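Student: Data file start01.cif (mmCIF, C-alpha atoms and all ligand atoms) is appended below.
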data_model
loop_
_atom_site.label_atom_id
_atom_site.label_comp_id
_atom_site.auth_asym_id
_atom_site.auth_seq_id
_atom_site.Cartn_x
_atom_site.Cartn_y
_atom_site.Cartn_z
CA MET A 1451 -40.03 -45.58 89.35
CA GLN A 1452 -38.63 -42.28 90.60
CA ILE A 1453 -38.40 -39.24 88.33
CA ASP A 1454 -36.63 -36.18 89.68
CA VAL A 1455 -36.92 -32.89 87.80
CA PHE A 1456 -34.68 -29.89 88.33
CA THR A 1457 -36.26 -26.70 87.06
CA LEU A 1458 -36.62 -22.97 87.55
CA VAL A 1459 -40.41 -23.38 87.55
CA PRO A 1460 -41.46 -26.29 89.81
CA HIS A 1461 -45.05 -24.99 90.04
CA ALA A 1462 -45.45 -25.46 86.26
CA PHE A 1463 -45.88 -29.19 86.93
CA ALA A 1464 -49.01 -28.83 89.08
CA TRP A 1465 -51.34 -29.32 86.11
CA LEU A 1466 -49.55 -32.47 84.96
CA THR A 1467 -49.75 -34.12 88.36
CA GLU A 1468 -53.54 -33.74 88.34
CA GLN A 1469 -53.98 -35.40 84.95
CA ARG A 1470 -54.28 -39.05 84.12
CA PRO A 1471 -52.23 -41.16 83.63
CA VAL A 1472 -49.67 -39.34 85.82
CA ALA A 1473 -52.21 -38.78 88.62
CA THR A 1474 -53.16 -42.47 88.53
CA VAL A 1475 -49.63 -43.76 89.18
CA LEU A 1476 -48.37 -40.94 91.42
CA GLY A 1477 -47.55 -42.26 94.85
CA THR A 1478 -47.62 -45.89 93.73
CA GLU A 1479 -45.68 -46.72 90.56
CA LEU A 1480 -44.34 -43.19 90.16
CA ASP A 1481 -42.54 -41.00 92.66
CA LEU A 1482 -42.19 -37.56 91.04
CA ARG A 1483 -39.97 -35.06 92.82
CA LEU A 1484 -39.54 -31.44 91.74
CA PHE A 1485 -36.52 -29.36 92.71
CA GLY A 1486 -36.01 -25.65 92.08
CA TYR A 1487 -32.47 -24.47 91.24
CA ARG A 1488 -33.13 -21.28 93.20
CA ASP A 1489 -33.69 -23.23 96.43
CA THR A 1490 -30.12 -24.48 96.53
CA THR A 1491 -28.18 -21.88 94.57
CA PRO A 1492 -24.91 -20.89 96.26
CA LEU A 1493 -25.27 -17.40 94.78
CA ALA A 1494 -26.86 -14.37 96.40
CA ASN A 1495 -30.42 -13.26 95.68
CA GLY A 1496 -31.47 -16.53 94.06
CA GLN A 1497 -29.17 -16.01 91.08
CA VAL A 1498 -28.94 -19.09 88.84
CA ASP A 1499 -27.62 -17.84 85.50
CA ASP A 1500 -25.10 -15.49 84.00
CA ALA A 1501 -24.09 -13.79 80.78
CA PRO A 1502 -22.32 -16.03 78.24
CA TYR A 1503 -18.54 -15.85 77.99
CA GLY A 1504 -17.60 -14.47 74.61
CA GLY A 1505 -20.70 -12.28 74.54
CA GLY A 1506 -24.08 -12.75 72.95
CA ALA A 1507 -27.69 -12.54 73.94
CA GLY A 1508 -29.38 -14.20 76.87
CA MET A 1509 -28.40 -15.86 80.11
CA VAL A 1510 -26.86 -19.29 80.65
CA LEU A 1511 -27.64 -21.67 83.55
CA ARG A 1512 -24.50 -21.82 85.72
CA VAL A 1513 -22.64 -25.07 86.31
CA ASP A 1514 -22.06 -24.30 90.02
CA VAL A 1515 -25.81 -23.82 90.45
CA ALA A 1516 -26.67 -27.14 88.76
CA ALA A 1517 -23.92 -28.94 90.74
CA ALA A 1518 -25.20 -27.46 94.03
CA ALA A 1519 -28.73 -28.65 93.20
CA LEU A 1520 -27.52 -32.23 92.52
CA ASP A 1521 -25.28 -32.15 95.63
CA ALA A 1522 -28.19 -31.06 97.82
CA VAL A 1523 -30.37 -33.95 96.70
CA TYR A 1524 -27.85 -36.76 96.02
CA GLY A 1525 -24.63 -35.63 97.71
CA GLY A 1526 -22.91 -35.50 94.30
CA VAL A 1527 -23.60 -36.73 90.79
CA PRO A 1528 -25.90 -39.74 91.18
CA ASP A 1529 -25.12 -43.08 89.56
CA HIS A 1530 -28.50 -43.28 87.79
CA ARG A 1531 -29.26 -41.51 84.49
CA VAL A 1532 -29.15 -37.72 84.63
CA ILE A 1533 -30.67 -36.33 81.45
CA ALA A 1534 -30.21 -32.81 80.13
CA LEU A 1535 -33.28 -31.68 78.19
CA THR A 1536 -31.95 -29.83 75.18
CA PRO A 1537 -32.92 -29.45 71.52
CA GLN A 1538 -29.42 -30.76 70.74
CA GLY A 1539 -30.04 -34.14 72.43
CA ARG A 1540 -30.98 -37.58 71.17
CA GLN A 1541 -34.48 -37.36 69.82
CA LEU A 1542 -37.23 -38.84 71.97
CA ASP A 1543 -39.31 -41.55 70.32
CA GLN A 1544 -41.36 -44.45 71.64
CA SER A 1545 -38.32 -46.73 71.92
CA VAL A 1546 -36.46 -44.13 74.02
CA VAL A 1547 -39.59 -43.75 76.16
CA ALA A 1548 -39.70 -47.53 76.71
CA GLU A 1549 -36.01 -47.50 77.58
CA LEU A 1550 -36.58 -44.75 80.19
CA ALA A 1551 -39.63 -46.52 81.62
CA GLY A 1552 -37.37 -49.51 82.29
CA GLU A 1553 -35.16 -47.47 84.64
CA GLU A 1554 -35.75 -47.37 88.38
CA ARG A 1555 -34.73 -43.73 88.64
CA ILE A 1556 -34.05 -40.93 86.22
CA THR A 1557 -33.24 -37.28 86.72
CA LEU A 1558 -34.26 -34.60 84.23
CA LEU A 1559 -32.46 -31.27 84.12
CA SER A 1560 -34.20 -28.39 82.40
CA ALA A 1561 -32.93 -24.94 81.56
CA ARG A 1562 -34.43 -21.71 80.23
CA PHE A 1563 -33.14 -18.70 78.31
CA GLU A 1564 -29.91 -19.58 76.44
CA GLY A 1565 -29.74 -23.03 78.04
CA PHE A 1566 -27.02 -24.89 79.96
CA ASP A 1567 -23.39 -24.06 80.58
CA GLU A 1568 -21.93 -26.87 78.45
CA ARG A 1569 -20.10 -28.28 81.49
CA ILE A 1570 -23.48 -29.27 82.96
CA VAL A 1571 -24.17 -31.49 79.97
CA THR A 1572 -20.61 -32.83 79.78
CA HIS A 1573 -19.81 -33.42 83.44
CA LEU A 1574 -23.08 -33.64 85.36
CA CYS A 1575 -25.31 -35.49 82.90
CA SER A 1576 -25.16 -38.96 81.40
CA ASP A 1577 -27.51 -38.26 78.45
CA ALA A 1578 -29.13 -35.42 76.57
CA ILE A 1579 -32.64 -35.75 75.15
CA SER A 1580 -34.61 -33.55 72.76
CA VAL A 1581 -38.39 -33.78 72.43
CA GLY A 1582 -38.23 -32.71 68.81
CA PRO A 1583 -36.34 -30.67 66.22
CA TYR A 1584 -37.61 -27.27 67.32
CA VAL A 1585 -36.66 -24.86 70.10
CA LEU A 1586 -38.93 -24.29 73.09
CA SER A 1587 -38.43 -21.57 75.68
CA GLY A 1588 -37.67 -23.91 78.55
CA GLY A 1589 -37.23 -27.52 79.58
CA GLU A 1590 -40.47 -27.74 81.55
CA LEU A 1591 -42.68 -28.79 78.63
CA PRO A 1592 -40.05 -31.32 77.46
CA ALA A 1593 -39.86 -32.73 81.01
CA MET A 1594 -43.65 -33.06 81.09
CA VAL A 1595 -43.58 -34.80 77.72
CA VAL A 1596 -41.07 -37.33 79.04
CA ILE A 1597 -42.99 -37.85 82.30
CA ASP A 1598 -46.35 -38.30 80.57
CA ALA A 1599 -44.99 -40.69 77.93
CA VAL A 1600 -43.14 -42.77 80.55
CA ALA A 1601 -46.09 -42.79 82.99
CA ARG A 1602 -48.33 -44.36 80.32
CA LEU A 1603 -46.04 -47.39 80.32
CA LEU A 1604 -46.05 -47.93 84.09
CA PRO A 1605 -48.23 -50.72 85.49
CA GLY A 1606 -51.80 -49.60 86.19
CA ALA A 1607 -51.45 -46.24 84.41
CA LEU A 1608 -53.99 -47.01 81.71
CA ALA A 1609 -57.14 -49.07 81.50
CA GLU A 1610 -56.44 -52.74 80.74
CA GLY A 1611 -55.41 -53.19 77.10
CA SER A 1612 -55.54 -49.53 76.03
CA ALA A 1613 -51.79 -49.21 75.45
CA GLU A 1614 -51.47 -52.58 73.74
CA ARG A 1615 -52.79 -51.54 70.35
CA GLU A 1616 -51.88 -47.94 70.04
CA THR A 1617 -49.59 -46.14 67.62
CA PHE A 1618 -46.00 -47.50 67.70
CA SER A 1619 -46.99 -50.61 69.70
CA PRO A 1620 -45.56 -54.02 68.73
CA GLU A 1621 -49.18 -55.24 68.28
CA LEU A 1622 -49.44 -52.85 65.33
CA GLU A 1623 -45.93 -53.73 64.10
CA GLY A 1624 -44.67 -50.34 65.35
CA GLY A 1625 -47.06 -48.54 62.97
CA PHE A 1626 -49.93 -46.10 63.35
CA GLU A 1627 -53.23 -46.97 64.96
CA TYR A 1628 -56.21 -47.59 62.66
CA PRO A 1629 -58.86 -44.84 62.46
CA GLN A 1630 -61.38 -44.73 65.29
CA PHE A 1631 -65.04 -43.64 65.11
CA THR A 1632 -67.84 -43.23 67.62
CA ARG A 1633 -71.52 -42.19 67.62
CA PRO A 1634 -73.31 -40.71 65.75
CA PRO A 1635 -73.07 -43.09 62.78
CA GLU A 1636 -73.73 -40.19 60.42
CA PHE A 1637 -73.01 -36.48 60.87
CA ARG A 1638 -73.39 -33.84 58.10
CA GLY A 1639 -73.39 -36.70 55.62
CA TRP A 1640 -70.08 -38.05 56.96
CA GLY A 1641 -70.56 -41.75 57.58
CA VAL A 1642 -68.70 -44.43 59.44
CA PRO A 1643 -67.09 -47.35 57.53
CA GLU A 1644 -69.78 -50.00 57.19
CA VAL A 1645 -67.51 -52.75 58.47
CA LEU A 1646 -67.34 -51.15 61.94
CA LEU A 1647 -71.13 -51.34 62.27
CA SER A 1648 -71.29 -54.94 61.00
CA GLY A 1649 -70.64 -56.70 64.33
CA ASP A 1650 -68.34 -59.09 62.42
CA HIS A 1651 -65.23 -59.10 64.62
CA GLY A 1652 -63.12 -61.01 62.10
CA ARG A 1653 -63.80 -58.44 59.36
CA ILE A 1654 -63.30 -55.56 61.75
CA GLU A 1655 -59.94 -56.94 62.83
CA GLY A 1656 -58.85 -57.44 59.20
CA TRP A 1657 -59.97 -53.91 58.25
CA ARG A 1658 -58.14 -52.39 61.20
CA ARG A 1659 -54.87 -54.15 60.39
CA GLU A 1660 -55.16 -53.09 56.74
CA GLN A 1661 -55.85 -49.47 57.73
CA SER A 1662 -52.98 -49.44 60.21
CA ARG A 1663 -50.53 -50.71 57.55
CA ALA A 1664 -51.84 -48.31 54.90
CA ARG A 1665 -51.52 -45.29 57.20
CA THR A 1666 -48.05 -46.26 58.30
CA VAL A 1667 -46.58 -46.58 54.80
CA SER A 1668 -48.29 -43.52 53.31
C1 LIG A 1701 -34.39 -21.50 74.35
S1 LIG A 1701 -33.80 -23.09 74.78
C2 LIG A 1701 -32.05 -22.94 74.53
C3 LIG A 1701 -31.63 -23.23 73.14
C4 LIG A 1701 -30.13 -23.17 72.96
N1 LIG A 1701 -29.66 -21.83 73.12
C5 LIG A 1701 -29.79 -23.69 71.56
O1 LIG A 1701 -29.73 -22.89 70.64
O2 LIG A 1701 -29.61 -24.92 71.41
C6 LIG A 1701 -33.92 -23.12 76.53
C7 LIG A 1701 -34.07 -24.49 77.13
O3 LIG A 1701 -35.31 -25.06 76.75
C8 LIG A 1701 -35.21 -26.48 76.73
N2 LIG A 1701 -35.56 -26.94 75.37
C9 LIG A 1701 -35.88 -26.15 74.32
N3 LIG A 1701 -36.20 -26.89 73.24
C10 LIG A 1701 -36.09 -28.17 73.61
C11 LIG A 1701 -36.28 -29.42 72.93
N4 LIG A 1701 -36.65 -29.48 71.65
N5 LIG A 1701 -36.08 -30.56 73.63
C12 LIG A 1701 -35.71 -30.53 74.93
N6 LIG A 1701 -35.49 -29.38 75.62
C13 LIG A 1701 -35.68 -28.22 74.97
C14 LIG A 1701 -33.77 -26.81 77.11
O4 LIG A 1701 -33.72 -27.13 78.50
C15 LIG A 1701 -33.05 -25.53 76.75
O5 LIG A 1701 -31.83 -25.41 77.45
#
Reformat the file's structure so that it appears as structure tokens.
Ligand SMILES: C[S@@+](CC[C@H](N)C(=O)[O-])C[C@H]1O[C@@H](n2cnc3c(N)ncnc32)[C@H](O)[C@@H]1O
Tutor:
Amino acid sequence: MQIDVFTLVPHAFAWLTEQRPVATVLGTELDLRLFGYRDTTPLANGQVDDAPYGGGAGMVLRVDVAAAALDAVYGGVPDHRVIALTPQGRQLDQSVVAELAGEERITLLSARFEGFDERIVTHLCSDAISVGPYVLSGGELPAMVVIDAVARLLPGALAEGSAERETFSPELEGGFEYPQFTRPPEFRGWGVPEVLLSGDHGRIEGWRREQSRARTVS
């Protein structure tokens, strides 16, 4: 899968590319390309944004700058999905992540400050996605959220079986994962459920399913 990100801060992604699971699939299942709007802006002095028409605070990412960035990479608007990251978009959840992971290529456009000139979203993008109902200062963290969540679903990203029974997986009927515990068996008087120490796999499995259902409905 290829994920292209257009951003004002390409170097912000360095950390992500060193972390698993992204690092594990980079160069094999995942081709991640980062493009800076300033590298292709048609404006002088690396300008990428401007004051909003009608007045108001902040600066808006210019449509000619976003179009020039897409032209430089694709020679126009590409025919794969081009996604504007905006708090006004369709909310990301595990089913949207699975949908994106099924694509061969996606492009993520991020903005900062006051956001996009609306013509970017309307004419240059096919979708708009929000990572949650809150406002962040830029699209870089949302892009990293999308990349990390999608990378987990790519072949070989995770150890065998570790994604099969996690929160939102079909194995757990789309619900929450059961509680997990590890050593020590007692700490400050806080114990571990006896069933998990019993070695009885049938009981453990039953307890986990029960816990998963109880957590999901509460
Ligand atoms: C400060 S926000 C702009 C908010 C915009 N003025 C509004 O009121 O809707 C700057 C940029 O951060 C990114 N961003 C902020 N919150 C986001 C979210 N919840 N999901 C996706 N992107 C977000 C977007 O790229 C957005 O254009």
Student: To one decimal place, how far is atom CA of Val1585 of chain A from atom O3 of ligand LIG 1701 (chain A) in Å?
Tutor: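 So the two atoms, atom CA of Val1585 of chain A and atom O3 of ligand LIG 1701 (chain A), lie 6.8 Å apart.
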Student: Using only C-alpha atoms, pick whichever of A:Leu1458, A:Val1667, A:Leu1586, A:Cys1575 has the shortest atom-to-atom distance to Ile1556 of chain A.
Tutor: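 Checking each of A:Leu1458, A:Val1667, A:Leu1586, A:Cys1575 against Ile1556 of chain A, counting only C-alpha atoms, the winner is A:Cys1575.
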Student: Set out as a Markdown table a contact list for chain A and ligand LIG 1701 (chain A) with a cut-off of 7 Å, giving each residue of chain A that qualifies its closest atom pair and distance in Å to one decimal, counting all atoms listed in the file, ordered by chain and rising residue number.
Tutor:
| residue | atom | partner | partner_atom | distance |
| --- | --- | --- | --- | --- |
| A:Ala1534 | CA | A:LIG1701 | O4 | 6.9 |
| A:Leu1535 | CA | A:LIG1701 | N6 | 4.1 |
| A:Thr1536 | CA | A:LIG1701 | N6 | 3.6 |
| A:Pro1537 | CA | A:LIG1701 | C11 | 3.6 |
| A:Gln1538 | CA | A:LIG1701 | O2 | 5.9 |
| A:Ser1560 | CA | A:LIG1701 | O4 | 4.1 |
| A:Ala1561 | CA | A:LIG1701 | O4 | 3.8 |
| A:Arg1562 | CA | A:LIG1701 | C6 | 4.0 |
| A:Phe1563 | CA | A:LIG1701 | C6 | 4.8 |
| A:Glu1564 | CA | A:LIG1701 | N1 | 4.0 |
| A:Gly1565 | CA | A:LIG1701 | O5 | 3.2 |
| A:Phe1566 | CA | A:LIG1701 | O5 | 5.5 |
| A:Ile1579 | CA | A:LIG1701 | C12 | 6.1 |
| A:Ser1580 | CA | A:LIG1701 | N5 | 3.4 |
| A:Val1581 | CA | A:LIG1701 | N5 | 4.1 |
| A:Gly1582 | CA | A:LIG1701 | N4 | 4.6 |
| A:Pro1583 | CA | A:LIG1701 | N4 | 5.6 |
| A:Tyr1584 | CA | A:LIG1701 | N4 | 5.0 |
| A:Val1585 | CA | A:LIG1701 | N3 | 3.8 |
| A:Leu1586 | CA | A:LIG1701 | N3 | 3.8 |
| A:Ser1587 | CA | A:LIG1701 | C1 | 4.3 |
| A:Gly1588 | CA | A:LIG1701 | O3 | 3.2 |
| A:Gly1589 | CA | A:LIG1701 | C8 | 3.6 |
| A:Pro1592 | CA | A:LIG1701 | C12 | 5.1 |
Student: Go ahead and dump the residues you just picked, C-alpha atoms, as a PDB file, in the coordinates of the input.
Tutor:
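Output below, filename again_7.pdb:
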ATOM      1  CA  ALA A1534     -30.210 -32.810  80.130  1.00  0.00           C
ATOM      2  CA  LEU A1535     -33.280 -31.680  78.190  1.00  0.00           C
ATOM      3  CA  THR A1536     -31.950 -29.830  75.180  1.00  0.00           C
ATOM      4  CA  PRO A1537     -32.920 -29.450  71.520  1.00  0.00           C
ATOM      5  CA  GLN A1538     -29.420 -30.760  70.740  1.00  0.00           C
ATOM      6  CA  SER A1560     -34.200 -28.390  82.400  1.00  0.00           C
ATOM      7  CA  ALA A1561     -32.930 -24.940  81.560  1.00  0.00           C
ATOM      8  CA  ARG A1562     -34.430 -21.710  80.230  1.00  0.00           C
ATOM      9  CA  PHE A1563     -33.140 -18.700  78.310  1.00  0.00           C
ATOM     10  CA  GLU A1564     -29.910 -19.580  76.440  1.00  0.00           C
ATOM     11  CA  GLY A1565     -29.740 -23.030  78.040  1.00  0.00           C
ATOM     12  CA  PHE A1566     -27.020 -24.890  79.960  1.00  0.00           C
ATOM     13  CA  ILE A1579     -32.640 -35.750  75.150  1.00  0.00           C
ATOM     14  CA  SER A1580     -34.610 -33.550  72.760  1.00  0.00           C
ATOM     15  CA  VAL A1581     -38.390 -33.780  72.430  1.00  0.00           C
ATOM     16  CA  GLY A1582     -38.230 -32.710  68.810  1.00  0.00           C
ATOM     17  CA  PRO A1583     -36.340 -30.670  66.220  1.00  0.00           C
ATOM     18  CA  TYR A1584     -37.610 -27.270  67.320  1.00  0.00           C
ATOM     19  CA  VAL A1585     -36.660 -24.860  70.100  1.00  0.00           C
ATOM     20  CA  LEU A1586     -38.930 -24.290  73.090  1.00  0.00           C
ATOM     21  CA  SER A1587     -38.430 -21.570  75.680  1.00  0.00           C
ATOM     22  CA  GLY A1588     -37.670 -23.910  78.550  1.00  0.00           C
ATOM     23  CA  GLY A1589     -37.230 -27.520  79.580  1.00  0.00           C
ATOM     24  CA  PRO A1592     -40.050 -31.320  77.460  1.00  0.00           C
TER      25      PRO A1592
END
Student: Write out as a tab-separated table the residues of segment 1507-1563 of chain A that have any atom within 12 Å of an atom of segment 1474-1484 of chain A, one row each with the nearest atom pair and its distance in Å to one decimal, counting all atoms listed in the file, sorted by chain and then rising number.
Tutor:
residue	atom	partner	partner_atom	distance
A:Ala1519	CA	A:Leu1484	CA	11.3
A:Val1523	CA	A:Arg1483	CA	10.4
A:Ala1551	CA	A:Leu1480	CA	10.3
A:Glu1553	CA	A:Leu1480	CA	11.5
A:Glu1554	CA	A:Leu1480	CA	9.7
A:Arg1555	CA	A:Asp1481	CA	9.2
A:Ile1556	CA	A:Leu1482	CA	10.0
A:Thr1557	CA	A:Arg1483	CA	9.4
A:Leu1558	CA	A:Leu1484	CA	9.7
A:Leu1559	CA	A:Leu1484	CA	10.4
A:Ser1560	CA	A:Leu1484	CA	11.2
Student: With distances taken over all atoms listed in the file, which of A:Arg1602, A:Arg1615, A:Arg1531, A:Arg1638 is nearest to Asp1577 of chain A?
Tutor: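 When distances to Asp1577 of chain A are compared using all atoms listed in the file, the smallest one comes from A:Arg1531.
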Student: Emit as JSON the padded axis-aligned box for all listed atoms of segment 1594-1607 of chain A, 3 Å per side, with centre and edge lengths in Å to one decimal.
Tutor:
{"center_x": -46.4, "center_y": -41.9, "center_z": 82.0, "size_x": 16.7, "size_y": 23.7, "size_z": 14.5}
Student: Interatomic distance between atom CA of Asp1543 of chain A and atom CA of Ser1576 of chain A?
Tutor: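 Taking atom CA of Asp1543 of chain A as the start and atom CA of Ser1576 of chain A as the end point, the length is 18.2 Å.
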Student: Determine the nearest neighbour of Thr1572 of chain A from the options A:Glu1610, A:Ser1668, A:Val1532, A:Gln1544, counting all atoms listed in the file.
Tutor: A:Val1532
Student: May I ask which of the residues A:Val1527, A:Val1515, A:Leu1646, A:Ile1597 is the closest one to Pro1629 of chain A, counting all atoms listed in the file?
Tutor: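 Of A:Val1527, A:Val1515, A:Leu1646, A:Ile1597, the one nearest Pro1629 of chain A is A:Leu1646, counting all atoms listed in the file.
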